[in-house]
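S.K.: Please see the structure below; I have some questions.
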Amino acid sequence: MLRFFLKSKIHHATVTEVDPHYEGSIGIDQALLESADILPSEKVDIYNITNGARFSTYAIPLQPLSGKISLNGAAARLCLPGDLIIIASYALLSEAEFQKHTPKVILLDAKNCKLSEKLAF
């Protein structure tokens with residue numbers, strides 16, 4: 001049996017831009033994507049700490065070290081600039097794979113600079 005498990009998360013990201021007229025997705029500073037092991041077009045779940053909204057979309061890379069987090073398309077209606085969010089990615093694992101798996105957590109400051117990187121649990 002395969003089950004979904006947390007692979008990585010970017011915690012306390014600050015939304016810097018919203019664009020409801022863009023096709024969709026969440027744009028994330030490429031350096032943060034790499035730190036969290038999230039690939040372009042990978043499905044991510046977004047948890048808005050500020051207003052409680054929860055939704056799924058896909059990641060697109062933005063300029064490395066820009067600190068930009070941009071919600072686009074329909075997702076732009078669920079966040080405002082300045083909102084704090086969690087960006088989570090998941091993996092489908094067997095029990096054997098799970099035994100060797102440890103999720104990665106990237107903690108950010110108010111300017112979306114990486115404060116620390118740790119393994120969850």
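By convention here, the chains of the structure tokens are called A, B, ... in the order presented, each chain's residues are numbered starting at 1, and ligands are numbered starting at 1 in the order presented.
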If you run DSSP over the backbone, which residues in chain A end up alpha helix (DSSP H)? Put them as a list in words.
M.R.: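 Going through chain A, the alpha helix (DSSP H) residues come out as Gln30, Ala31, Leu32, Leu33, Glu34, Ser35, Glu95, Ala96, Glu97, Phe98 and Gln99 of chain A.
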S.K.: Could you write those residues out with C-alpha atoms, as a JSON list (two decimals), in the first residue's frame?
M.R.:
[["chain", "number", "residue", "atom", "x", "y", "z"],
["A", 30, "GLN", "CA", 13.93, 29.39, -7.02],
["A", 31, "ALA", "CA", 16.46, 29.18, -4.18],
["A", 32, "LEU", "CA", 13.61, 28.36, -1.78],
["A", 33, "LEU", "CA", 12.22, 25.74, -4.17],
["A", 34, "GLU", "CA", 15.62, 24.06, -4.30],
["A", 35, "SER", "CA", 16.01, 24.18, -0.51],
["A", 95, "GLU", "CA", 5.95, 1.60, 4.25],
["A", 96, "ALA", "CA", 9.56, 0.67, 3.51],
["A", 97, "GLU", "CA", 10.24, 4.07, 1.91],
["A", 98, "PHE", "CA", 8.54, 5.81, 4.83],
["A", 99, "GLN", "CA", 10.93, 4.15, 7.29]]
S.K.: Fewer than 4 positions away in the same chain doesn't count, so skip those; otherwise give me all residues within 10 Å of Lys104 (chain A), counting only C-alpha atoms, as a list in words.
M.R.: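 Contacts, with the query itself left out: Leu6, Lys7, Ser8, Lys9, Ile10, Ser35, Ala36, Asp37, Ala88, Ser89, Glu117, Lys118, Leu119, Ala120 and Phe121 of chain A.
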S.K.: Could you list, as an mmCIF file with C-alpha atoms, in the first residue's frame, every residue within 10 Å of region 47-52 of chain A, counting only C-alpha atoms and ignoring same-chain residues fewer than 3 positions away?
M.R.:
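Result file around.cif:
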data_model
loop_
_atom_site.group_PDB
_atom_site.id
_atom_site.type_symbol
_atom_site.label_atom_id
_atom_site.label_comp_id
_atom_site.auth_asym_id
_atom_site.auth_seq_id
_atom_site.Cartn_x
_atom_site.Cartn_y
_atom_site.Cartn_z
ATOM 1 C CA HIS A 11 7.040 27.673 6.709
ATOM 2 C CA HIS A 12 5.972 31.302 7.315
ATOM 3 C CA ALA A 13 6.424 32.510 3.744
ATOM 4 C CA THR A 14 5.116 36.037 3.206
ATOM 5 C CA VAL A 15 3.043 36.626 0.072
ATOM 6 C CA VAL A 44 1.851 21.984 -3.627
ATOM 7 C CA PHE A 55 -5.844 25.129 -1.538
ATOM 8 C CA SER A 56 -3.673 23.268 -4.025
ATOM 9 C CA LEU A 78 -7.343 33.544 -1.527
ATOM 10 C CA CYS A 79 -4.335 35.591 -0.399
ATOM 11 C CA LEU A 80 -3.250 39.202 -0.043
ATOM 12 C CA GLY A 82 1.598 40.336 3.468
ATOM 13 C CA ASP A 83 -0.328 37.145 4.300
ATOM 14 C CA LEU A 84 1.702 34.401 5.975
ATOM 15 C CA ILE A 85 1.459 31.003 4.300
ATOM 16 C CA ILE A 86 2.818 27.478 4.516
ATOM 17 C CA ILE A 87 3.779 25.766 1.251
ATOM 18 C CA ALA A 88 3.735 21.967 1.562
#
S.K.: Please identify which residues in region 34-121 of chain A DSSP calls strand (DSSP E or B) from the backbone, and express them as a ChimeraX atom specification.
M.R.: /A:43-48,54-62,69-72,84-93,104-108,114-119
S.K.: Can you tell me how far CA of Pro20 (chain A) sits from CA of Ile69 (chain A), in Å to one decimal?
M.R.: 14.0 Å
S.K.: Rounded to one decimal place, report the CA of Ser70 (chain A)-CA of Ala53 (chain A) distance in Å.
M.R.: 15.7 Å
S.K.: If I take CA of Ile38 (chain A) and CA of Ala91 (chain A), how far is one from the other in Å, to one decimal?
M.R.: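 So the answer is 10.8 Å.
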S.K.: Show which residues sit within 8 Å of Ile26 (chain A), as a ChimeraX atom specification. Count only C-alpha atoms, and ignore same-chain residues fewer than 4 positions away.
M.R.: /A:57-60,69-72,75
S.K.: Rank nothing, just name the residue among A:Leu108, A:Tyr90, A:Glu17, A:Ala76 nearest to Asp45 (chain A), using only C-alpha atoms.
M.R.: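 Closest candidate: A:Tyr90.
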S.K.: Please provide as a VMD selection string all residues within 8 Å of Cys113 (chain A), with the sequence filter that same-chain residues fewer than 3 positions apart are discarded (counting only C-alpha atoms).
M.R.: chain A and resid 65 67 108 to 110
S.K.: The selected residues should be written to file as an mmCIF file, in the first residue's frame (atoms: N, CA and C atoms).
M.R.:
data_model
loop_
_atom_site.group_PDB
_atom_site.id
_atom_site.type_symbol
_atom_site.label_atom_id
_atom_site.label_comp_id
_atom_site.auth_asym_id
_atom_site.auth_seq_id
_atom_site.Cartn_x
_atom_site.Cartn_y
_atom_site.Cartn_z
ATOM 1 N N LEU A 65 16.831 34.113 -4.946
ATOM 2 C CA LEU A 65 17.187 35.084 -3.906
ATOM 3 C C LEU A 65 16.419 36.396 -4.010
ATOM 4 N N GLY A 67 13.246 36.616 -2.943
ATOM 5 C CA GLY A 67 12.304 36.637 -1.834
ATOM 6 C C GLY A 67 10.854 36.709 -2.278
ATOM 7 N N LEU A 108 11.332 30.633 7.273
ATOM 8 C CA LEU A 108 11.661 31.919 6.649
ATOM 9 C C LEU A 108 11.457 33.079 7.607
ATOM 10 N N ASP A 109 12.157 34.183 7.323
ATOM 11 C CA ASP A 109 11.913 35.423 8.059
ATOM 12 C C ASP A 109 10.870 36.240 7.310
ATOM 13 N N ALA A 110 10.605 37.455 7.758
ATOM 14 C CA ALA A 110 9.554 38.299 7.170
ATOM 15 C C ALA A 110 9.852 38.722 5.732
#
